[in-house]
>>> print(open('start.csv').read())   # CSV, C-alpha atoms and all ligand atoms
chain,number,residue,atom,x,y,z
B,734,MET,CA,283.8,219.0,93.0
B,735,ALA,CA,283.3,221.5,95.7
B,736,TYR,CA,282.0,224.7,97.1
B,737,GLN,CA,284.1,227.3,95.1
B,738,THR,CA,284.9,231.0,94.8
B,739,LEU,CA,284.0,233.1,91.7
B,740,LYS,CA,287.7,233.4,91.0
B,741,GLU,CA,288.1,229.6,90.6
B,742,VAL,CA,285.2,229.0,88.3
B,743,LEU,CA,285.8,232.0,86.2
B,744,ALA,CA,289.5,231.0,85.7
B,745,GLU,CA,288.3,227.6,84.5
B,746,ALA,CA,285.8,229.3,82.2
B,747,GLU,CA,288.6,231.5,80.8
B,748,GLU,CA,290.8,228.5,80.2
B,749,LEU,CA,288.2,226.4,78.5
B,750,ASP,CA,286.4,229.3,76.9
B,751,PHE,CA,282.9,229.1,78.2
B,752,THR,CA,280.6,231.3,80.3
B,753,VAL,CA,279.4,230.4,83.8
B,754,GLY,CA,275.6,230.9,84.4
B,755,ALA,CA,274.8,232.9,87.5
B,756,PHE,CA,271.2,232.3,88.5
B,757,ASN,CA,269.2,234.2,91.1
B,758,ALA,CA,267.6,232.0,93.7
B,759,HIS,CA,264.3,233.8,94.6
B,760,ASN,CA,263.7,231.4,97.5
B,761,LEU,CA,265.4,228.5,99.2
B,762,GLU,CA,262.9,226.1,97.7
B,763,MET,CA,264.3,226.3,94.2
B,764,VAL,CA,268.0,226.0,95.0
B,765,PRO,CA,268.3,222.2,94.9
B,766,ALA,CA,266.7,222.1,91.4
B,767,MET,CA,269.0,224.8,90.2
B,768,ILE,CA,272.1,222.9,91.4
B,769,GLU,CA,270.7,219.7,90.0
B,770,ALA,CA,270.5,221.3,86.6
B,771,ALA,CA,274.2,222.2,86.6
B,772,HIS,CA,275.1,218.8,87.8
B,773,GLU,CA,273.2,217.3,84.9
B,774,GLU,CA,275.1,219.4,82.5
B,775,GLY,CA,278.5,218.8,84.1
B,776,ALA,CA,279.0,222.5,84.6
B,777,PRO,CA,279.8,224.8,87.5
B,778,ILE,CA,277.0,227.1,88.7
B,779,ILE,CA,276.8,230.4,90.5
B,780,ILE,CA,273.8,230.7,92.8
B,781,GLN,CA,273.2,234.3,93.7
B,782,THR,CA,270.8,236.0,96.0
B,783,SER,CA,269.8,239.6,96.5
B,784,VAL,CA,270.4,241.0,99.9
B,785,GLY,CA,266.6,241.0,100.5
B,786,THR,CA,266.1,237.4,99.6
B,787,ALA,CA,269.2,236.4,101.6
B,788,GLU,CA,267.9,238.2,104.7
B,789,THR,CA,264.4,236.7,104.3
B,790,GLU,CA,265.5,233.1,103.9
B,791,GLY,CA,268.7,233.3,106.1
B,792,MET,CA,272.2,233.6,104.7
B,793,ARG,CA,273.4,230.6,106.6
B,794,ASN,CA,270.5,228.5,105.1
B,795,PHE,CA,271.6,229.3,101.6
B,796,VAL,CA,275.2,228.5,102.5
B,797,ALA,CA,274.1,225.2,104.1
B,798,VAL,CA,272.2,224.1,101.0
B,799,CYS,CA,274.9,225.1,98.5
B,800,LYS,CA,277.7,223.6,100.5
B,801,THR,CA,275.9,220.3,101.1
B,802,MET,CA,275.0,219.9,97.5
B,803,ALA,CA,278.4,220.9,96.2
B,804,GLU,CA,280.0,218.2,98.5
B,805,HIS,CA,277.5,215.4,97.8
B,806,GLU,CA,276.4,216.0,94.2
B,807,ALA,CA,279.8,216.3,92.4
B,808,VAL,CA,279.2,219.8,91.1
B,809,ASP,CA,281.0,223.1,91.6
B,810,VAL,CA,278.9,225.7,93.3
B,811,VAL,CA,279.6,229.3,94.0
B,812,LEU,CA,277.3,231.2,96.4
B,813,HIS,CA,277.4,234.9,95.5
B,814,LEU,CA,275.7,238.0,97.1
B,815,ASP,CA,274.3,240.1,94.2
B,816,HIS,CA,274.3,243.9,94.2
B,817,ALA,CA,275.3,244.6,97.8
B,818,ARG,CA,275.5,248.4,98.3
B,819,LYS,CA,276.3,248.3,102.0
B,820,LEU,CA,279.5,247.1,103.6
B,821,GLU,CA,277.6,245.6,106.5
B,822,ASP,CA,275.6,243.3,104.1
B,823,ILE,CA,278.9,242.1,102.6
B,824,GLU,CA,280.4,241.4,106.1
B,825,ALA,CA,277.2,239.5,107.0
B,826,ALA,CA,277.4,237.3,103.9
B,827,ILE,CA,281.0,236.6,104.4
B,828,ALA,CA,280.5,235.7,108.0
B,829,ALA,CA,277.7,233.4,107.0
B,830,GLY,CA,279.9,231.6,104.5
B,831,TYR,CA,279.1,233.1,101.1
B,832,SER,CA,282.1,232.4,98.8
B,833,SER,CA,281.6,235.5,96.7
B,834,VAL,CA,280.1,239.0,96.9
B,835,MET,CA,279.3,241.8,94.5
B,836,PHE,CA,279.9,245.3,95.7
B,837,ASP,CA,277.8,247.6,93.6
B,838,GLY,CA,279.1,251.1,93.8
B,839,SER,CA,277.9,252.0,90.4
B,840,LEU,CA,275.5,254.7,91.6
B,841,LEU,CA,278.3,256.4,93.7
B,842,PRO,CA,280.6,259.0,92.3
B,843,PHE,CA,283.5,257.3,90.5
B,844,LYS,CA,286.2,258.0,93.1
B,845,GLU,CA,283.9,256.8,95.9
B,846,ASN,CA,283.1,253.6,94.0
B,847,ILE,CA,286.8,252.9,93.7
B,848,GLU,CA,287.5,253.7,97.3
B,849,LYS,CA,284.7,251.5,98.7
B,850,THR,CA,285.4,248.6,96.2
B,851,LYS,CA,289.0,248.6,97.3
B,852,ARG,CA,288.0,248.2,100.9
B,853,VAL,CA,285.6,245.4,100.0
B,854,VAL,CA,288.3,243.6,98.0
B,855,GLU,CA,290.8,243.8,100.8
B,856,TYR,CA,288.3,242.6,103.4
B,857,ALA,CA,286.9,239.8,101.2
B,858,HIS,CA,290.2,238.5,99.8
B,859,GLN,CA,291.7,238.2,103.3
B,860,ARG,CA,288.9,235.8,104.0
B,861,GLY,CA,289.2,233.8,100.8
B,862,VAL,CA,286.1,235.4,99.2
B,863,SER,CA,285.8,236.7,95.7
B,864,VAL,CA,284.5,240.1,94.6
B,865,GLU,CA,282.6,241.4,91.6
B,866,GLY,CA,282.6,245.2,91.0
B,867,GLU,CA,280.6,247.3,88.7
B,868,ILE,CA,281.5,250.2,86.4
B,869,GLY,CA,278.8,251.9,84.3
B,870,THR,CA,275.2,251.2,85.3
B,871,ILE,CA,272.6,248.7,84.3
B,872,GLY,CA,269.1,250.1,83.6
B,873,GLY,CA,265.9,248.9,85.0
B,874,THR,CA,264.7,248.1,88.5
B,875,GLU,CA,266.3,245.7,91.0
B,876,GLU,CA,265.5,245.4,94.7
B,877,GLY,CA,263.8,248.8,94.7
B,878,PHE,CA,266.6,250.7,93.0
B,879,THR,CA,265.5,252.1,89.7
B,880,VAL,CA,268.0,253.3,87.1
B,881,LYS,CA,266.0,254.9,84.2
B,882,GLU,CA,268.7,254.6,81.6
B,883,GLY,CA,271.7,252.4,82.1
B,884,ASN,CA,275.0,254.2,81.4
B,885,TYR,CA,277.5,252.5,79.1
B,886,THR,CA,280.8,251.6,80.8
B,887,ARG,CA,283.5,253.9,79.5
B,888,LEU,CA,286.7,252.1,78.7
B,889,GLU,CA,289.0,254.7,80.4
B,890,ASP,CA,286.9,254.3,83.6
B,891,ALA,CA,287.1,250.6,83.5
B,892,VAL,CA,290.9,250.6,83.0
B,893,GLN,CA,291.4,253.0,85.9
B,894,PHE,CA,289.0,251.0,88.1
B,895,LEU,CA,290.8,247.8,87.4
B,896,GLN,CA,294.2,249.4,88.0
B,897,GLU,CA,293.1,250.3,91.5
B,898,CYS,CA,290.7,247.5,92.4
B,899,ASP,CA,291.8,243.9,92.3
B,900,VAL,CA,288.2,242.6,91.7
B,901,ASP,CA,287.7,239.1,90.4
B,902,ALA,CA,285.1,240.1,87.9
B,903,LEU,CA,283.7,243.3,86.5
B,904,ALA,CA,280.0,244.0,85.7
B,905,VAL,CA,279.7,246.2,82.7
B,906,GLY,CA,277.0,248.4,81.3
B,907,VAL,CA,276.6,247.4,77.6
B,908,GLY,CA,272.9,247.9,77.0
B,909,THR,CA,271.2,245.3,79.2
B,910,HIS,CA,268.4,246.1,81.7
B,911,HIS,CA,267.4,244.5,85.0
B,912,GLY,CA,263.9,243.0,84.9
B,913,GLN,CA,263.5,243.0,81.1
B,914,PHE,CA,261.5,239.9,80.0
B,915,GLN,CA,259.0,240.9,77.4
B,916,SER,CA,261.4,242.1,74.8
B,917,LYS,CA,265.1,241.6,73.8
B,918,THR,CA,267.8,244.1,74.2
B,919,LYS,CA,270.2,245.5,71.6
B,920,LEU,CA,273.7,244.9,73.0
B,921,ASN,CA,276.5,247.4,72.2
B,922,PHE,CA,278.9,244.9,70.7
B,923,PRO,CA,281.5,247.4,69.5
B,924,LEU,CA,281.8,248.5,73.1
B,925,ILE,CA,281.9,244.9,74.4
B,926,GLU,CA,284.7,244.1,71.9
B,927,GLU,CA,286.6,247.3,72.9
B,928,LEU,CA,286.4,246.4,76.6
B,929,HIS,CA,287.4,242.8,75.9
B,930,ALA,CA,290.5,244.0,73.9
B,931,HIS,CA,291.7,246.2,76.8
B,932,LEU,CA,290.6,244.6,80.0
B,933,LYS,CA,292.2,241.6,81.6
B,934,LYS,CA,289.4,240.6,84.0
B,935,PRO,CA,286.4,238.4,83.3
B,936,MET,CA,283.3,240.5,82.5
B,937,VAL,CA,279.8,240.0,83.8
B,938,ILE,CA,276.5,240.6,82.0
B,939,HIS,CA,273.5,241.6,84.2
B,940,GLY,CA,269.9,241.6,83.1
B,941,GLY,CA,270.6,238.4,81.0
B,942,THR,CA,266.9,237.6,80.7
B,943,GLY,CA,266.7,240.4,78.1
B,944,VAL,CA,269.5,239.0,76.0
B,945,ALA,CA,268.7,237.0,72.9
B,946,GLU,CA,270.1,233.4,73.1
B,947,SER,CA,271.5,233.9,69.6
B,948,ASP,CA,273.9,236.5,71.2
B,949,TYR,CA,275.4,234.2,73.8
B,950,HIS,CA,278.1,232.9,71.5
B,951,ARG,CA,279.4,236.3,70.7
B,952,LEU,CA,279.4,237.3,74.4
B,953,THR,CA,281.5,234.2,75.4
B,954,GLU,CA,283.9,235.0,72.5
B,955,ASN,CA,284.3,238.5,74.0
B,956,GLY,CA,285.3,237.7,77.5
B,957,ILE,CA,281.9,237.5,79.2
B,958,ARG,CA,282.5,234.8,81.8
B,959,LYS,CA,279.6,235.3,84.2
B,960,PHE,CA,276.1,235.7,82.8
B,961,ASN,CA,273.2,236.6,85.2
B,962,VAL,CA,269.7,235.3,84.8
B,963,GLY,CA,267.1,236.2,87.5
B,964,THR,CA,263.9,237.5,86.0
B,965,GLU,CA,263.2,234.6,83.7
B,966,LEU,CA,263.4,232.2,86.7
B,967,LEU,CA,261.2,234.4,88.8
B,968,VAL,CA,258.5,234.7,86.1
B,969,ALA,CA,258.5,231.0,85.2
B,970,TRP,CA,258.3,229.9,88.9
B,971,THR,CA,255.5,232.3,89.7
B,972,LYS,CA,253.5,231.5,86.6
B,973,LYS,CA,253.6,227.8,87.4
B,974,ALA,CA,252.8,228.5,91.0
B,975,LYS,CA,249.7,230.6,90.1
B,976,GLU,CA,248.5,227.9,87.8
B,977,LYS,CA,249.0,225.1,90.3
B,978,LEU,CA,247.8,227.0,93.4
B,979,SER,CA,244.7,228.4,91.7
B,980,LYS,CA,243.5,224.9,91.2
B,981,THR,CA,244.7,223.0,94.2
B,982,GLU,CA,242.8,221.6,97.2
B,983,VAL,CA,244.0,223.3,100.4
B,984,ASN,CA,245.0,219.9,101.9
B,985,GLU,CA,246.9,218.8,98.8
B,986,SER,CA,250.5,217.9,99.5
B,987,LEU,CA,252.5,221.0,99.0
B,988,ARG,CA,255.2,219.2,97.1
B,989,ASN,CA,252.7,218.3,94.4
B,990,ASN,CA,252.4,222.1,93.7
B,991,MET,CA,256.1,223.0,94.3
B,992,ILE,CA,257.8,220.3,92.3
B,993,PRO,CA,256.4,221.6,89.0
B,994,CYS,CA,257.5,225.2,89.9
B,995,ASN,CA,261.0,224.0,90.6
B,996,GLU,CA,261.0,221.9,87.4
B,997,GLU,CA,260.4,225.1,85.4
B,998,VAL,CA,263.6,226.6,86.9
B,999,TYR,CA,265.5,223.3,86.4
B,1000,GLN,CA,264.6,223.2,82.7
B,1001,ILE,CA,265.5,226.9,82.0
B,1002,ILE,CA,268.9,226.5,83.8
B,1003,LYS,CA,269.7,223.3,82.1
B,1004,HIS,CA,268.9,224.8,78.7
B,1005,LYS,CA,271.0,228.0,79.4
B,1006,ILE,CA,274.0,226.1,80.7
B,1007,ALA,CA,274.0,223.9,77.6
B,1008,LEU,CA,274.2,227.0,75.5
B,1009,PHE,CA,276.9,228.6,77.6
B,1010,MET,CA,279.0,225.4,77.5
B,1011,ASN,CA,278.7,224.5,73.8
B,1012,GLN,CA,280.0,227.7,72.2
B,1013,LYS,CA,282.4,226.2,69.8
B,1101,ZN,ZN,272.3,242.9,88.3
>>> encode(input="start.csv", output="structure tokens", more="lines below")
Ligand SMILES: [Zn+2]
Amino acid sequence: MAYQTLKEVLAEAEELDFTVGAFNAHNLEMVPAMIEAAHEEGAPIIIQTSVGTAETEGMRNFVAVCKTMAEHEAVDVVLHLDHARKLEDIEAAIAAGYSSVMFDGSLLPFKENIEKTKRVVEYAHQRGVSVEGEIGTIGGTEEGFTVKEGNYTRLEDAVQFLQECDVDALAVGVGTHHGQFQSKTKLNFPLIEELHAHLKKPMVIHGGTGVAESDYHRLTENGIRKFNVGTELLVAWTKKAKEKLSKTEVNESLRNNMIPCNEEVYQIIKHKIALFMNQK
């Protein structure tokens, strides 16, 4: 078991027909519990960070934790930079040791998205790092970027994009929203099936918190190999932190308040991974 690229774990998922959970780490504190959950389930895990979180906590610190645990805990771990829009952020993550990056050019004109993604792919692949691209847009707010209504991915755009860009995974707009956690989304399954029938690359669902768990099976069947969950972890960790910290003595050992927060994240990830793995 080892520190892996996205390409490696998604190839395994394709071969064995499962979906790999990609979970946003909102701080360094929760990362060991996240990886422990994957280890417990005997599954690979993608730990991903936003650019903002990566900069706050230190990219090299995330790399150190993920690499150390991958090497010592018998679990495959990918460390992925989520939604990078600037080339300099991608260069910084690769220099720090991230094994995978997303270049999100979805808000750019189509041609510019292709041009920039191509450059990222060339740069990253030369350094043994995987790349996720995006076609279509995902609604909602993430890292201060708000997209009112997501745009569905158009098949002809996706085909052309993949002809020109050798990305390792493709994020698609199929009805999900970033940040959605109080309701469930209606996925466009006819579109997902159409994309799956024509595209050869693994597809990625963003805004996974808003997807009903009863839909997971159908997503795996239709070539979704990376499934992102961020908001649910953030909400659960914060709720538990509020509950614990509102009652604590100021000289209480901090771990007594943090362990239950991390335990929330651990349980959610363990539960999701079990669903992603047992799709048959
Ligand atoms: Zn996203």
>>> residues_around(input="start.csv", residues="B:Lys819", least_positions_apart="2", cutoff="10 Å", atoms="all atoms listed in the file", output="PyMOL selection string")
chain B and resi 784+816-817+821-824+836-838+849+853
>>> atom_distance(input="start.csv", atom1="atom CA of B:Pro842", atom2="atom CA of B:Gly873")
19.3 Å
>>> residues_around(input="start.csv", residues="B:Asp815", least_positions_apart="6", cutoff="7 Å", atoms="only C-alpha atoms", output="VMD selection string")
chain B and resid 781 to 784 834 to 835
>>> residues_near_ligand(input="start.csv", ligand="ligand ZN 1101 (chain B)", cutoff="10 Å", atoms="only C-alpha atoms and all ligand atoms", output="number ranges by chain")
B: 757, 783, 815-816, 835, 837, 867, 870-876, 904-905, 909-912, 937-941, 960-963
>>> atom_distance(input="start.csv", atom1="atom CA of B:Leu820", atom2="atom CA of B:Arg852")
9.0 Å
>>> closest_atom_pairs(input="start.csv", of="stretch 745-786 of chain B", to="stretch 987-1004 of chain B", cutoff="7 Å", atoms="only C-alpha atoms", output="CSV")
residue,atom,partner,partner_atom,distance
B:Met763,CA,B:Asn995,CA,5.4
B:Ala766,CA,B:Tyr999,CA,5.3
B:Met767,CA,B:Tyr999,CA,5.4
B:Ala770,CA,B:Lys1003,CA,5.0
B:Ala771,CA,B:Lys1003,CA,6.5
B:Glu774,CA,B:Lys1003,CA,6.7
>>> atom_distance(input="start.csv", atom1="atom CA of B:Leu967", atom2="atom CA of B:Met734")
27.7 Å
>>> closest_residue(input="start.csv", among="B:Ser839, B:Ile925, B:Tyr856, B:Leu932", to="B:Val892", atoms="all atoms listed in the file")
B:Leu932
>>> residues_around(input="start.csv", residues="stretch 790-795 of chain B", least_positions_apart="3", cutoff="8 Å", atoms="only C-alpha atoms", output="list in words")
Asn760, Leu761, Thr786, Ala787, Val798, Cys799, Leu812, Ala826, Ala829, Gly830 and Tyr831 of chain B
>>> closest_residue(input="start.csv", among="B:Asp890, B:Glu855, B:Glu946, B:Asp901", to="B:Ile1006", atoms="only C-alpha atoms")
B:Glu946
>>> residues_around(input="start.csv", residues="B:Met936", least_positions_apart="4", cutoff="6 Å", atoms="only C-alpha atoms", output="PyMOL selection string")
chain B and resi 902-904+957-958
>>> closest_residue(input="start.csv", among="B:Glu806, B:Asp750, B:Glu788, B:Glu741", to="B:Gly956", atoms="only C-alpha atoms")
B:Asp750
>>> closest_residue(input="start.csv", among="B:Gln893, B:Thr981, B:Asn955, B:Thr942", to="B:Pro923", atoms="only C-alpha atoms")
B:Asn955
>>> residues_near_point(input="start.csv", point="(281.4, 227.8, 90.1)", cutoff="6 Å", atoms="all atoms listed in the file", output="PyMOL selection string")
chain B and resi 737+742+777-779+809-811
>>> closest_residue(input="start.csv", among="B:Val753, B:Val854, B:Ala776, B:Leu814", to="B:Val900", atoms="only C-alpha atoms")
B:Val854
>>> closest_residue(input="start.csv", among="B:Phe894, B:Gln913, B:Thr752, B:Asp948", to="B:Val968", atoms="only C-alpha atoms")
B:Gln913
>>> decode(input="start.csv", residues="stretch 846-971 of chain B", atoms="C-alpha atoms", output="compact mmCIF listing (two decimals), in the first residue's frame")
# COMPACT_ATOMS: atom_id res chain seq x y z
CA ASN B 846 -10.22 25.84 -20.67
CA ILE B 847 -8.78 23.38 -23.20
CA GLU B 848 -5.57 25.35 -23.71
CA LYS B 849 -4.88 25.79 -19.99
CA THR B 850 -5.84 22.22 -19.09
CA LYS B 851 -3.45 20.94 -21.77
CA ARG B 852 -0.62 22.94 -20.23
CA VAL B 853 -1.43 21.62 -16.75
CA VAL B 854 -1.57 18.03 -18.02
CA GLU B 855 1.80 18.36 -19.72
CA TYR B 856 3.38 19.95 -16.65
CA ALA B 857 1.86 17.49 -14.17
CA HIS B 858 2.37 14.30 -16.15
CA GLN B 859 6.05 15.09 -16.64
CA ARG B 860 6.27 15.08 -12.86
CA GLY B 861 4.23 11.91 -12.31
CA VAL B 862 1.17 13.78 -11.05
CA SER B 863 -2.43 13.12 -12.15
CA VAL B 864 -4.88 15.74 -13.40
CA GLU B 865 -8.65 16.15 -13.13
CA GLY B 866 -10.34 18.57 -15.53
CA GLU B 867 -13.86 19.96 -15.62
CA ILE B 868 -16.41 20.49 -18.37
CA GLY B 869 -19.76 22.01 -17.56
CA THR B 870 -20.14 23.80 -14.25
CA ILE B 871 -21.24 22.73 -10.82
CA GLY B 872 -23.66 25.08 -9.09
CA GLY B 873 -23.33 26.49 -5.60
CA THR B 874 -20.52 28.18 -3.74
CA GLU B 875 -17.03 26.87 -3.21
CA GLU B 876 -14.10 28.88 -1.92
CA GLY B 877 -15.84 32.16 -2.61
CA PHE B 878 -16.75 31.30 -6.21
CA THR B 879 -20.50 31.25 -6.67
CA VAL B 880 -22.12 29.67 -9.67
CA LYS B 881 -25.84 30.41 -9.60
CA GLU B 882 -27.00 27.56 -11.76
CA GLY B 883 -24.66 24.78 -12.77
CA ASN B 884 -24.48 24.07 -16.49
CA TYR B 885 -24.93 20.54 -17.64
CA THR B 886 -21.93 19.08 -19.43
CA ARG B 887 -22.61 18.83 -23.16
CA LEU B 888 -21.54 15.55 -24.69
CA GLU B 889 -19.90 17.15 -27.74
CA ASP B 890 -17.87 19.48 -25.50
CA ALA B 891 -16.72 16.58 -23.33
CA VAL B 892 -15.72 14.53 -26.38
CA GLN B 893 -13.70 17.40 -27.83
CA PHE B 894 -12.16 18.23 -24.45
CA LEU B 895 -10.98 14.65 -23.98
CA GLN B 896 -9.63 14.48 -27.52
CA GLU B 897 -7.38 17.40 -26.76
CA CYS B 898 -6.64 17.01 -23.05
CA ASP B 899 -5.20 13.78 -21.66
CA VAL B 900 -6.72 14.28 -18.20
CA ASP B 901 -6.92 11.33 -15.82
CA ALA B 902 -10.47 12.13 -14.70
CA LEU B 903 -13.25 14.46 -15.80
CA ALA B 904 -15.59 16.38 -13.49
CA VAL B 905 -19.02 16.66 -15.07
CA GLY B 906 -22.01 18.91 -14.48
CA VAL B 907 -24.96 16.55 -14.05
CA GLY B 908 -27.12 18.42 -11.56
CA THR B 909 -25.10 18.50 -8.32
CA HIS B 910 -24.34 21.62 -6.28
CA HIS B 911 -21.43 22.54 -4.05
CA GLY B 912 -22.38 23.13 -0.45
CA GLN B 913 -25.80 21.49 -0.65
CA PHE B 914 -26.59 19.68 2.59
CA GLN B 915 -30.15 20.39 3.62
CA SER B 916 -31.81 18.77 0.63
CA LYS B 917 -31.05 16.16 -2.01
CA THR B 918 -30.44 16.84 -5.67
CA LYS B 919 -32.14 15.41 -8.72
CA LEU B 920 -29.40 13.94 -10.86
CA ASN B 921 -29.71 13.96 -14.63
CA PHE B 922 -29.31 10.22 -15.17
CA PRO B 923 -30.08 10.25 -18.92
CA LEU B 924 -27.12 12.63 -19.34
CA ILE B 925 -24.86 10.58 -17.06
CA GLU B 926 -25.69 7.46 -19.08
CA GLU B 927 -25.05 9.26 -22.34
CA LEU B 928 -21.67 10.56 -21.14
CA HIS B 929 -20.72 7.13 -19.84
CA ALA B 930 -21.59 5.51 -23.18
CA HIS B 931 -19.31 7.85 -25.14
CA LEU B 932 -16.46 8.87 -22.84
CA LYS B 933 -13.55 6.61 -22.04
CA LYS B 934 -12.31 8.49 -18.96
CA PRO B 935 -13.36 8.06 -15.34
CA MET B 936 -15.93 10.68 -14.36
CA VAL B 937 -16.14 12.68 -11.15
CA ILE B 938 -19.13 13.86 -9.14
CA HIS B 939 -18.70 17.10 -7.20
CA GLY B 940 -21.12 18.26 -4.52
CA GLY B 941 -21.64 14.68 -3.40
CA THR B 942 -23.14 15.69 -0.05
CA GLY B 943 -26.33 16.59 -1.91
CA VAL B 944 -26.60 13.18 -3.60
CA ALA B 945 -28.95 10.61 -2.08
CA GLU B 946 -27.11 7.48 -0.99
CA SER B 947 -29.68 5.41 -2.87
CA ASP B 948 -28.25 6.90 -6.10
CA TYR B 949 -24.65 5.78 -5.45
CA HIS B 950 -25.12 2.39 -7.03
CA ARG B 951 -26.38 3.83 -10.31
CA LEU B 952 -23.48 6.30 -10.42
CA THR B 953 -20.90 3.56 -10.04
CA GLU B 954 -22.62 1.57 -12.78
CA ASN B 955 -22.31 4.59 -15.03
CA GLY B 956 -18.60 5.23 -14.79
CA ILE B 957 -18.43 7.59 -11.82
CA ARG B 958 -15.10 6.59 -10.30
CA LYS B 959 -14.40 9.58 -8.02
CA PHE B 960 -17.09 10.92 -5.73
CA ASN B 961 -16.42 14.11 -3.76
CA VAL B 962 -17.75 14.70 -0.27
CA GLY B 963 -16.79 17.91 1.51
CA THR B 964 -19.71 19.74 3.06
CA GLU B 965 -21.03 16.80 5.07
CA LEU B 966 -17.67 16.44 6.82
CA LEU B 967 -17.41 20.16 7.49
CA VAL B 968 -20.92 20.34 8.94
CA ALA B 969 -20.52 17.26 11.14
CA TRP B 970 -17.12 18.32 12.49
CA THR B 971 -18.30 21.87 13.22
